[in-house]
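What follows is the content of structure28.cif, which has mmCIF, C-alpha atoms:
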```cif
data_run
loop_
_atom_site.label_atom_id
_atom_site.label_comp_id
_atom_site.auth_asym_id
_atom_site.auth_seq_id
_atom_site.Cartn_x
_atom_site.Cartn_y
_atom_site.Cartn_z
CA MET A 52 9.22 -9.53 34.76
CA THR A 53 8.86 -9.08 31.00
CA GLU A 54 6.64 -11.29 28.83
CA HIS A 55 9.80 -12.73 27.25
CA GLY A 56 11.19 -13.47 30.70
CA ASN A 57 7.96 -15.15 31.78
CA LEU A 58 7.99 -17.34 28.68
CA ARG A 59 11.62 -18.31 29.17
CA TYR A 60 11.02 -19.38 32.76
CA ALA A 61 7.82 -21.18 31.80
CA ILE A 62 9.68 -23.25 29.21
CA LEU A 63 12.37 -24.00 31.80
CA ALA A 64 9.67 -25.18 34.22
CA LEU A 65 8.22 -27.46 31.54
CA ALA A 66 11.70 -28.73 30.62
CA LEU A 67 12.27 -29.53 34.31
CA GLY A 68 9.16 -31.72 34.18
CA ALA A 69 10.54 -33.47 31.10
CA PHE A 70 13.81 -33.90 33.03
CA ALA A 71 11.92 -35.62 35.87
CA ILE A 72 10.18 -37.95 33.41
CA GLY A 73 13.43 -38.82 31.63
CA THR A 74 15.21 -39.48 34.90
CA SER A 75 12.44 -41.73 36.22
CA GLU A 76 11.92 -43.69 33.00
CA PHE A 77 15.55 -44.44 32.17
CA ALA A 78 16.89 -44.74 35.73
CA ALA A 79 14.33 -47.46 36.44
CA MET A 80 16.10 -49.72 33.93
CA GLY A 81 19.44 -49.25 35.67
CA LEU A 82 17.89 -49.78 39.11
CA LEU A 83 16.28 -53.09 38.10
CA PRO A 84 18.98 -55.39 39.54
CA TYR A 85 18.86 -53.54 42.87
CA PHE A 86 15.13 -53.64 43.49
CA ALA A 87 15.00 -57.22 42.18
CA GLY A 88 17.58 -58.29 44.76
CA ASP A 89 15.97 -56.32 47.58
CA LEU A 90 12.51 -57.71 46.83
CA GLY A 91 13.83 -61.25 46.37
CA ILE A 92 12.62 -61.71 42.79
CA SER A 93 14.26 -62.60 39.49
CA GLU A 94 15.27 -59.94 36.99
CA PRO A 95 12.65 -61.13 34.46
CA GLN A 96 9.99 -60.68 37.16
CA ALA A 97 11.38 -57.25 37.96
CA GLY A 98 11.08 -56.42 34.28
CA HIS A 99 7.31 -56.30 34.75
CA VAL A 100 7.86 -53.06 36.67
CA ILE A 101 9.39 -51.52 33.53
CA SER A 102 6.64 -52.90 31.31
CA ALA A 103 3.96 -51.56 33.65
CA TYR A 104 5.27 -48.04 33.17
CA ALA A 105 5.22 -48.34 29.37
CA LEU A 106 1.67 -49.71 29.52
CA GLY A 107 0.68 -46.74 31.66
CA VAL A 108 2.07 -44.36 29.03
CA VAL A 109 0.05 -45.96 26.23
CA ILE A 110 -3.19 -46.04 28.24
CA GLY A 111 -2.67 -42.65 29.83
CA ALA A 112 -2.14 -40.70 26.61
CA PRO A 113 -5.77 -40.83 25.41
CA LEU A 114 -7.18 -40.91 28.95
CA THR A 115 -5.47 -37.71 30.14
CA SER A 116 -6.31 -35.97 26.85
CA ILE A 117 -10.03 -36.59 27.38
CA ILE A 118 -9.92 -35.55 31.04
CA GLY A 119 -7.96 -32.36 30.33
CA ALA A 120 -9.77 -31.16 27.21
CA ARG A 121 -11.50 -28.23 28.94
CA LEU A 122 -8.81 -27.41 31.49
CA PRO A 123 -6.42 -24.46 31.12
CA ARG A 124 -3.14 -25.96 29.92
CA ARG A 125 -1.20 -24.39 32.78
CA ARG A 126 -3.29 -26.14 35.42
CA TYR A 127 -3.50 -29.31 33.38
CA LEU A 128 0.28 -29.56 33.06
CA ALA A 129 0.87 -28.74 36.72
CA ALA A 130 -1.69 -31.36 37.80
CA LEU A 131 -0.12 -34.05 35.61
CA MET A 132 3.34 -33.29 36.94
CA ALA A 133 2.17 -33.23 40.56
CA PHE A 134 0.49 -36.62 40.06
CA TYR A 135 3.70 -37.92 38.47
CA GLY A 136 5.72 -36.74 41.46
CA VAL A 137 3.39 -38.31 44.02
CA MET A 138 3.36 -41.68 42.22
CA ASN A 139 7.16 -41.78 42.04
CA ILE A 140 7.48 -40.97 45.72
CA ALA A 141 4.85 -43.62 46.51
CA ALA A 142 6.89 -46.15 44.51
CA ALA A 143 9.90 -45.20 46.64
CA VAL A 144 8.29 -45.55 50.06
CA LEU A 145 5.59 -48.23 49.80
CA PRO A 146 6.58 -51.91 50.26
CA GLY A 147 6.16 -54.90 47.96
CA LEU A 148 6.48 -55.82 44.30
CA ALA A 149 2.76 -55.52 43.55
CA VAL A 150 2.62 -52.00 44.95
CA LEU A 151 5.80 -50.98 43.13
CA THR A 152 4.40 -52.31 39.85
CA GLY A 153 1.11 -50.53 40.41
CA MET A 154 2.77 -47.22 41.25
CA ARG A 155 4.95 -47.42 38.15
CA PHE A 156 1.85 -48.06 36.03
CA LEU A 157 0.17 -45.01 37.56
CA ALA A 158 3.31 -42.94 37.10
CA GLY A 159 3.21 -43.77 33.38
CA LEU A 160 -0.31 -42.37 32.93
CA PRO A 161 0.63 -38.64 32.76
CA HIS A 162 3.84 -39.21 30.74
CA GLY A 163 2.44 -38.76 27.22
CA GLY A 164 -0.10 -36.12 28.18
CA PHE A 165 2.49 -33.95 29.91
CA LEU A 166 5.23 -34.16 27.28
CA GLY A 167 2.85 -33.74 24.36
CA VAL A 168 0.92 -30.78 25.75
CA ALA A 169 4.06 -29.18 27.21
CA MET A 170 5.59 -29.16 23.73
CA LEU A 171 2.34 -27.73 22.34
CA TYR A 172 2.27 -25.06 25.05
CA ALA A 173 5.83 -23.96 24.34
CA ALA A 174 5.35 -24.09 20.57
CA ASP A 175 2.11 -22.08 20.63
CA ALA A 176 3.75 -19.40 22.78
CA LEU A 177 6.31 -18.65 20.06
CA PRO A 178 5.85 -17.24 16.54
CA ARG A 179 4.83 -19.88 14.00
CA GLU A 180 8.28 -19.98 12.40
CA HIS A 181 9.86 -20.83 15.79
CA ARG A 182 7.36 -23.45 17.00
CA ALA A 183 9.81 -26.31 16.51
CA ARG A 184 12.35 -24.46 18.64
CA GLY A 185 9.88 -24.21 21.54
CA ALA A 186 9.03 -27.91 21.30
CA ALA A 187 12.73 -28.81 21.18
CA GLN A 188 13.52 -26.72 24.26
CA VAL A 189 10.99 -28.68 26.30
CA ILE A 190 12.02 -32.12 25.09
CA MET A 191 15.70 -31.29 25.72
CA GLY A 192 14.85 -31.70 29.40
CA LEU A 193 14.32 -35.36 28.59
CA THR A 194 17.72 -35.68 26.92
CA VAL A 195 19.57 -33.72 29.61
CA ALA A 196 18.15 -36.22 32.10
CA ASN A 197 20.37 -38.85 30.52
CA ILE A 198 23.42 -36.68 31.21
CA VAL A 199 22.66 -35.64 34.79
CA GLY A 200 19.49 -37.16 36.22
CA VAL A 201 19.95 -40.82 35.30
CA PRO A 202 23.56 -41.07 36.52
CA LEU A 203 22.62 -39.27 39.75
CA ALA A 204 19.63 -41.54 40.34
CA GLY A 205 21.82 -44.55 39.58
CA TRP A 206 24.46 -43.37 42.04
CA LEU A 207 21.83 -42.87 44.73
CA GLY A 208 20.42 -46.32 44.00
CA GLN A 209 23.84 -47.93 44.34
CA SER A 210 25.10 -46.01 47.35
CA ILE A 211 22.11 -45.45 49.66
CA GLY A 212 19.28 -47.56 48.22
CA TRP A 213 17.30 -48.04 45.03
CA ARG A 214 14.25 -46.28 46.47
CA TRP A 215 16.09 -42.97 46.27
CA GLY A 216 16.37 -43.49 42.53
CA PHE A 217 12.57 -43.17 42.33
CA ALA A 218 12.25 -40.51 45.02
CA LEU A 219 14.64 -38.10 43.28
CA PRO A 220 12.56 -37.63 40.09
CA GLY A 221 9.44 -37.53 42.29
CA PHE A 222 10.69 -34.48 44.17
CA ILE A 223 11.88 -32.86 40.93
CA ALA A 224 8.41 -33.40 39.44
CA LEU A 225 6.75 -31.67 42.39
CA LEU A 226 9.14 -28.74 42.00
CA SER A 227 8.28 -28.55 38.31
CA ALA A 228 4.54 -28.53 39.09
CA TRP A 229 4.98 -25.67 41.53
CA LEU A 230 7.06 -23.66 39.07
CA ILE A 231 4.55 -24.20 36.25
CA LEU A 232 1.79 -22.73 38.42
CA LYS A 233 4.04 -19.86 39.46
CA VAL A 234 5.61 -18.72 36.17
CA ALA A 235 3.59 -20.10 33.23
CA PRO A 236 1.29 -17.54 31.56
CA ARG A 237 -2.35 -17.79 32.61
CA VAL A 238 -4.40 -18.84 29.61
CA GLY A 239 -8.03 -19.82 30.11
CA GLY A 240 -9.38 -23.18 29.07
CA ASN A 241 -11.88 -23.73 26.31
CA PRO A 242 -15.33 -24.06 27.95
CA ASN A 243 -16.82 -25.14 24.63
CA ALA A 244 -14.43 -28.03 24.21
CA ARG A 245 -16.05 -31.43 24.11
CA PRO A 246 -13.71 -34.00 25.67
CA TRP A 247 -14.80 -36.75 23.31
CA ASP A 248 -13.79 -34.57 20.35
CA GLU A 249 -10.22 -35.40 21.30
CA LEU A 250 -10.91 -38.97 20.22
CA GLN A 251 -11.41 -37.70 16.68
CA ALA A 252 -7.61 -37.64 16.42
CA LEU A 253 -7.73 -41.43 16.43
CA ARG A 254 -10.04 -41.36 13.40
CA ASN A 255 -8.00 -38.80 11.47
CA PRO A 256 -5.89 -40.68 8.89
CA ARG A 257 -3.36 -37.83 8.69
CA VAL A 258 -2.71 -38.20 12.43
CA LEU A 259 -2.61 -41.99 12.28
CA TRP A 260 -0.08 -42.00 9.45
CA LEU A 261 2.26 -39.77 11.47
CA LEU A 262 1.84 -41.88 14.61
CA ALA A 263 2.76 -44.93 12.53
CA VAL A 264 5.95 -43.19 11.36
CA GLY A 265 7.03 -42.76 14.99
CA ALA A 266 5.93 -46.21 16.16
CA ILE A 267 7.76 -48.00 13.33
CA GLY A 268 10.60 -45.69 12.35
CA PHE A 269 11.76 -44.98 15.88
CA GLY A 270 11.65 -48.68 16.65
CA GLY A 271 14.99 -48.92 14.86
CA PHE A 272 16.59 -46.58 17.37
CA PHE A 273 15.39 -48.65 20.32
CA ALA A 274 16.39 -51.91 18.61
CA VAL A 275 20.03 -50.79 18.79
CA TYR A 276 20.02 -48.83 22.05
CA ALA A 277 18.34 -51.61 24.06
CA PHE A 278 21.25 -53.99 23.41
CA LEU A 279 24.16 -51.56 23.15
CA THR A 280 25.58 -52.07 26.64
CA ALA A 281 24.93 -55.83 26.55
CA ALA A 282 26.82 -56.03 23.25
CA MET A 283 29.70 -54.03 24.73
CA ILE A 284 29.96 -56.38 27.71
CA ALA A 285 29.72 -59.51 25.56
CA THR A 286 32.10 -58.55 22.76
CA THR A 287 34.78 -56.33 24.32
CA ASP A 288 37.12 -56.17 27.29
CA ALA A 289 35.97 -52.63 28.05
CA PRO A 290 37.04 -51.07 31.37
CA ALA A 291 34.44 -50.51 34.10
CA TYR A 292 33.97 -46.86 33.19
CA ALA A 293 33.06 -47.61 29.55
CA ILE A 294 29.36 -48.24 30.10
CA PRO A 295 28.74 -45.13 32.26
CA LEU A 296 30.70 -43.19 29.65
CA ALA A 297 28.53 -44.59 26.86
CA LEU A 298 25.37 -43.65 28.75
CA GLY A 299 26.70 -40.17 29.45
CA VAL A 300 27.68 -39.38 25.87
CA PHE A 301 24.29 -40.77 24.80
CA GLY A 302 22.65 -37.99 26.77
CA VAL A 303 24.98 -35.38 25.27
CA GLY A 304 24.24 -36.65 21.77
CA GLY A 305 20.50 -36.61 22.40
CA THR A 306 20.59 -33.02 23.64
CA LEU A 307 22.60 -31.89 20.62
CA GLY A 308 20.42 -33.86 18.21
CA THR A 309 17.21 -32.40 19.61
CA TRP A 310 18.55 -28.85 19.25
CA VAL A 311 19.62 -29.53 15.66
CA ALA A 312 16.26 -31.15 14.83
CA GLY A 313 14.44 -28.04 15.98
CA ARG A 314 16.57 -25.80 13.75
CA LEU A 315 16.29 -28.17 10.76
CA THR A 316 12.52 -28.28 11.09
CA GLU A 317 12.36 -24.48 11.07
CA ARG A 318 14.68 -24.12 8.08
CA LEU A 319 13.67 -27.06 5.86
CA GLY A 320 10.09 -27.86 6.87
CA GLN A 321 8.65 -30.78 8.76
CA VAL A 322 8.72 -33.44 6.04
CA ARG A 323 12.27 -32.81 4.88
CA ALA A 324 13.50 -32.67 8.49
CA ALA A 325 11.78 -35.99 9.18
CA TYR A 326 13.45 -37.62 6.17
CA ILE A 327 16.84 -36.26 7.24
CA SER A 328 16.30 -37.59 10.76
CA LEU A 329 15.36 -41.03 9.44
CA ALA A 330 18.42 -41.08 7.16
CA ALA A 331 20.66 -40.08 10.09
CA MET A 332 19.14 -42.81 12.24
CA ALA A 333 19.77 -45.47 9.61
CA ALA A 334 23.38 -44.31 9.19
CA THR A 335 24.09 -44.38 12.92
CA GLN A 336 22.46 -47.80 13.27
CA GLY A 337 24.67 -49.13 10.50
CA PHE A 338 27.72 -47.65 12.22
CA ALA A 339 26.70 -49.29 15.50
CA SER A 340 26.66 -52.70 13.78
CA PHE A 341 30.00 -52.10 12.08
CA VAL A 342 31.88 -51.26 15.30
CA VAL A 343 30.64 -54.13 17.50
CA GLY A 344 33.69 -55.50 19.32
CA ASN A 345 35.51 -52.16 19.61
CA TRP A 346 34.44 -50.52 22.85
CA GLN A 347 35.84 -47.07 22.03
CA MET A 348 33.91 -46.97 18.76
CA MET A 349 30.83 -48.35 20.52
CA VAL A 350 30.96 -45.41 22.93
CA LEU A 351 31.12 -43.12 19.90
CA SER A 352 28.20 -44.96 18.34
CA SER A 353 26.16 -44.29 21.50
CA PHE A 354 26.72 -40.56 20.98
CA LEU A 355 25.93 -40.71 17.26
CA LEU A 356 22.85 -42.87 17.78
CA ALA A 357 21.30 -40.29 20.11
CA ALA A 358 22.47 -37.31 18.05
CA GLY A 359 20.68 -38.62 14.97
CA ALA A 360 17.39 -39.37 16.71
CA GLY A 361 15.55 -36.05 16.52
CA LEU A 362 12.48 -37.44 14.74
CA VAL A 363 10.11 -36.45 17.54
CA ILE A 364 10.45 -32.73 16.72
CA PRO A 365 9.29 -32.66 13.07
CA LEU A 366 6.58 -35.22 13.84
CA GLN A 367 5.29 -33.22 16.81
CA THR A 368 5.09 -29.96 14.87
CA ARG A 369 3.52 -31.75 11.89
CA LEU A 370 0.84 -33.19 14.16
CA MET A 371 0.02 -29.66 15.31
CA ASP A 372 -0.90 -28.82 11.72
CA VAL A 373 -3.04 -31.87 10.97
CA ALA A 374 -4.78 -32.64 14.29
CA GLY A 375 -7.40 -29.89 14.07
CA ARG A 376 -9.25 -29.53 17.38
CA ALA A 377 -7.73 -32.71 18.82
CA GLN A 378 -4.35 -31.12 19.59
CA ASN A 379 -3.94 -32.58 23.08
CA MET A 380 -4.76 -36.12 21.96
CA ALA A 381 -2.45 -36.02 18.94
CA ALA A 382 0.43 -34.60 20.97
CA ALA A 383 0.02 -37.17 23.75
CA MET A 384 -0.37 -40.07 21.33
CA ASN A 385 2.90 -39.07 19.65
CA HIS A 386 4.71 -40.03 22.85
CA ALA A 387 2.61 -43.16 23.17
CA ALA A 388 3.75 -44.08 19.66
CA PHE A 389 7.38 -43.69 20.68
CA ASN A 390 6.76 -45.98 23.65
CA ALA A 391 5.24 -48.50 21.23
CA ALA A 392 8.49 -48.20 19.26
CA ASN A 393 10.34 -48.90 22.51
CA ALA A 394 8.51 -52.23 22.65
CA LEU A 395 8.67 -53.12 18.95
CA GLY A 396 12.36 -52.46 18.31
CA PRO A 397 13.85 -54.48 21.20
CA PHE A 398 11.35 -57.30 20.57
CA LEU A 399 12.42 -57.74 16.94
CA ALA A 400 16.10 -57.28 17.75
CA GLY A 401 15.73 -59.90 20.49
CA LEU A 402 14.31 -62.33 17.95
CA ALA A 403 17.33 -61.73 15.71
CA LEU A 404 19.71 -62.35 18.60
CA ALA A 405 17.83 -65.49 19.64
CA ALA A 406 18.12 -66.76 16.06
CA GLY A 407 21.92 -66.58 16.38
CA TRP A 408 22.53 -63.64 14.05
CA GLY A 409 25.00 -62.01 16.44
CA TRP A 410 25.15 -58.71 18.27
CA ALA A 411 25.48 -56.71 15.06
CA SER A 412 22.02 -57.88 14.03
CA SER A 413 20.31 -55.29 16.22
CA GLY A 414 21.66 -52.67 13.84
CA TYR A 415 20.31 -54.55 10.83
CA VAL A 416 16.89 -54.73 12.48
CA GLY A 417 17.18 -51.03 13.25
CA ILE A 418 17.92 -50.11 9.64
CA ALA A 419 14.97 -52.19 8.44
CA LEU A 420 12.58 -50.50 10.86
CA THR A 421 13.90 -47.03 10.05
CA ALA A 422 13.53 -47.71 6.33
CA ALA A 423 9.98 -48.89 6.97
CA GLY A 424 9.36 -45.64 8.82
CA ALA A 425 10.55 -43.69 5.77
CA VAL A 426 8.14 -45.69 3.60
CA VAL A 427 5.28 -44.88 5.95
CA LEU A 428 6.25 -41.19 5.89
CA THR A 429 6.15 -41.27 2.09
CA LEU A 430 2.71 -42.87 2.20
CA ALA A 431 1.60 -40.15 4.63
CA VAL A 432 2.74 -37.44 2.19
CA TRP A 433 1.02 -39.21 -0.72
CA HIS A 434 -2.17 -39.46 1.34
CA ASP A 435 -2.08 -35.71 1.97
CA ARG A 436 -1.70 -34.99 -1.72
CA ALA A 437 -4.34 -37.50 -2.79
CA SER A 438 -6.86 -36.10 -0.31
CA GLY A 439 -6.17 -32.52 -1.40
CA ALA A 440 -4.73 -31.55 1.97
CA VAL A 441 -2.10 -28.86 2.03
CA ALA A 442 1.13 -30.67 2.82
CA ASP A 443 4.31 -29.03 3.98
CA CYS A 444 6.65 -30.80 1.61
CA ALA A 445 9.23 -28.03 1.70
#
```

So, in terms of structure tokens, how does the structure I just supplied come out?
Amino acid sequence: MTEHGNLRYAILALALGAFAIGTSEFAAMGLLPYFAGDLGISEPQAGHVISAYALGVVIGAPLTSIIGARLPRRRYLAALMAFYGVMNIAAAVLPGLAVLTGMRFLAGLPHGGFLGVAMLYAADALPREHRARGAAQVIMGLTVANIVGVPLAGWLGQSIGWRWGFALPGFIALLSAWLILKVAPRVGGNPNARPWDELQALRNPRVLWLLAVGAIGFGGFFAVYAFLTAAMIATTDAPAYAIPLALGVFGVGGTLGTWVAGRLTERLGQVRAAYISLAAMAATQGFASFVVGNWQMMVLSSFLLAAGAGLVIPLQTRLMDVAGRAQNMAAAMNHAAFNAANALGPFLAGLALAAGWGWASSGYVGIALTAAGAVVLTLAVWHDRASGAVADCA
């Protein structure tokens, strides 16, 4: 097998891991009513299972970066994905709410470390001018999960039991781990690496500014997406197939948007691509507010919302340039920042809804957060210039 062929299959193996993560994370939300009913608990109580996973992501990002600092990336990624698979399968087979919550927390631990370092691995394997393309190819596994994996897990959960909705991504994760060990190039670890050096990323203002862009700016995306289906149910007489259709086209839009973001980052540079992504997000959030009450247009807005949300690609490649020796930590924390956005956006949009501002208000909250993200990005660029750092402002 040629070196090019090895690299192609390695990226596919990493993308399969991202597919498992995307399937598990998003399918869990759809399975909530089923495991709540089976366990005899309320849906708000069952929501703690979802929150436990997000908490695991935030805690696991720095933890796995410290643990894996000296490990060869190939083994590190395979170990994280194997652990992810085992925890998902454990969530599927072990009884009780407490155990399910605990297993979902543990499953969240490798999430940020795997996605961040997998994108680094793929980006570093390609020429510098194509790094964004490598990162995009890995993260597209996450978006494709919304097209194939999440609906399949949901169907399994409905037809033969919610536990299969967790078991499916668990088995896919184990397959990904095996493939990573089999086809990924063997690159030795850094024996001189000091694990605690990874923590320097959290003291690097250039890294922190970029993490803030993701945590705030991407909150606008989640503010709208979290309430999209609820708004469709409450404001339209949409047929039964409308919500699955909206979720499906969301995945298609996300896949397309990620591919475009990778190309834009290569052509225009990281900063310009990030600004374009933020502008696209604000536009699609405004459109989502405008079409509330029209289910056909709301399905279209689901596609556009995902298609415009490629911010992770320019931010990830930018972090590679500013993180210095703390590459693993910065990459993992990027995904932790996006999970923080997943908490911030719906929380603020929920406050707007509770205040009686109507379903369209989630879009207004989204635009405000996205605009705030653009302000933070501008401050990040100014900081680079003021500190004399070489900034890619192309």

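Omitting Ala71 in chain A and its sequence neighbours fewer than 3 positions away, and counting all atoms listed in the file, the residues within 9 Å are Ala66, Leu67, Gly68, Thr74, Ser75, Glu76, Met132, Tyr135, Gly136, Gly192, Leu193, Ala196, Gly200, Leu219, Pro220, Gly221, Phe222, Ile223, Ala224 and Ser227 of chain A.
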
Check which residues satisfy the PyMOL selection byres ((chain A and resi 327) around 12) in the file shown, then give them as a PyMOL selection string. chain A and resi 308+311-312+315-316+319-326+328-334+359-362+364-365+421-422+425+428

How about saving the chosen residues, C-alpha atoms kept, as a PDB file, in the coordinates of the input?
```pdb
ATOM      1  CA  GLY A 308      20.420 -33.860  18.210  1.00  0.00           C
ATOM      2  CA  VAL A 311      19.620 -29.530  15.660  1.00  0.00           C
ATOM      3  CA  ALA A 312      16.260 -31.150  14.830  1.00  0.00           C
ATOM      4  CA  LEU A 315      16.290 -28.170  10.760  1.00  0.00           C
ATOM      5  CA  THR A 316      12.520 -28.280  11.090  1.00  0.00           C
ATOM      6  CA  LEU A 319      13.670 -27.060   5.860  1.00  0.00           C
ATOM      7  CA  GLY A 320      10.090 -27.860   6.870  1.00  0.00           C
ATOM      8  CA  GLN A 321       8.650 -30.780   8.760  1.00  0.00           C
ATOM      9  CA  VAL A 322       8.720 -33.440   6.040  1.00  0.00           C
ATOM     10  CA  ARG A 323      12.270 -32.810   4.880  1.00  0.00           C
ATOM     11  CA  ALA A 324      13.500 -32.670   8.490  1.00  0.00           C
ATOM     12  CA  ALA A 325      11.780 -35.990   9.180  1.00  0.00           C
ATOM     13  CA  TYR A 326      13.450 -37.620   6.170  1.00  0.00           C
ATOM     14  CA  SER A 328      16.300 -37.590  10.760  1.00  0.00           C
ATOM     15  CA  LEU A 329      15.360 -41.030   9.440  1.00  0.00           C
ATOM     16  CA  ALA A 330      18.420 -41.080   7.160  1.00  0.00           C
ATOM     17  CA  ALA A 331      20.660 -40.080  10.090  1.00  0.00           C
ATOM     18  CA  MET A 332      19.140 -42.810  12.240  1.00  0.00           C
ATOM     19  CA  ALA A 333      19.770 -45.470   9.610  1.00  0.00           C
ATOM     20  CA  ALA A 334      23.380 -44.310   9.190  1.00  0.00           C
ATOM     21  CA  GLY A 359      20.680 -38.620  14.970  1.00  0.00           C
ATOM     22  CA  ALA A 360      17.390 -39.370  16.710  1.00  0.00           C
ATOM     23  CA  GLY A 361      15.550 -36.050  16.520  1.00  0.00           C
ATOM     24  CA  LEU A 362      12.480 -37.440  14.740  1.00  0.00           C
ATOM     25  CA  ILE A 364      10.450 -32.730  16.720  1.00  0.00           C
ATOM     26  CA  PRO A 365       9.290 -32.660  13.070  1.00  0.00           C
ATOM     27  CA  THR A 421      13.900 -47.030  10.050  1.00  0.00           C
ATOM     28  CA  ALA A 422      13.530 -47.710   6.330  1.00  0.00           C
ATOM     29  CA  ALA A 425      10.550 -43.690   5.770  1.00  0.00           C
ATOM     30  CA  LEU A 428       6.250 -41.190   5.890  1.00  0.00           C
TER      31      LEU A 428
END
```

Give me, please, the distance in Å between CA of Gly208 in chain A and CA of His99 in chain A, quoted to one decimal.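 CA of Gly208 in chain A sits 18.9 Å away from CA of His99 in chain A.
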
Pick from A:Leu298, A:Ile101, A:Ala64, A:Ile231 nearest to Asn393 in chain A, counting all atoms listed in the file: A:Ile101

For each of A:Leu420, A:Val303, A:Ile117, A:Ala158, take the minimum atom-to-atom distance to Ala383 in chain A, counting only C-alpha atoms, then give the residue where this is smallest.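 Looking at the shortest contact to Ala383 in chain A, the residue is A:Ile117.
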
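Across the structure, CA of Ala69 in chain A and CA of Ala204 in chain A are spaced 15.3 Å apart.
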
Nearest to Ala87 in chain A: which of A:Gly271, A:Gly299, A:Gly407, A:Gly147 is it, counting all atoms listed in the file?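 Smallest distance to Ala87 in chain A is found for A:Gly147.
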
In Å, how far is it from CA of Val108 in chain A to CA of Pro161 in chain A?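 Computing it gives 7.0 Å between the two atoms.
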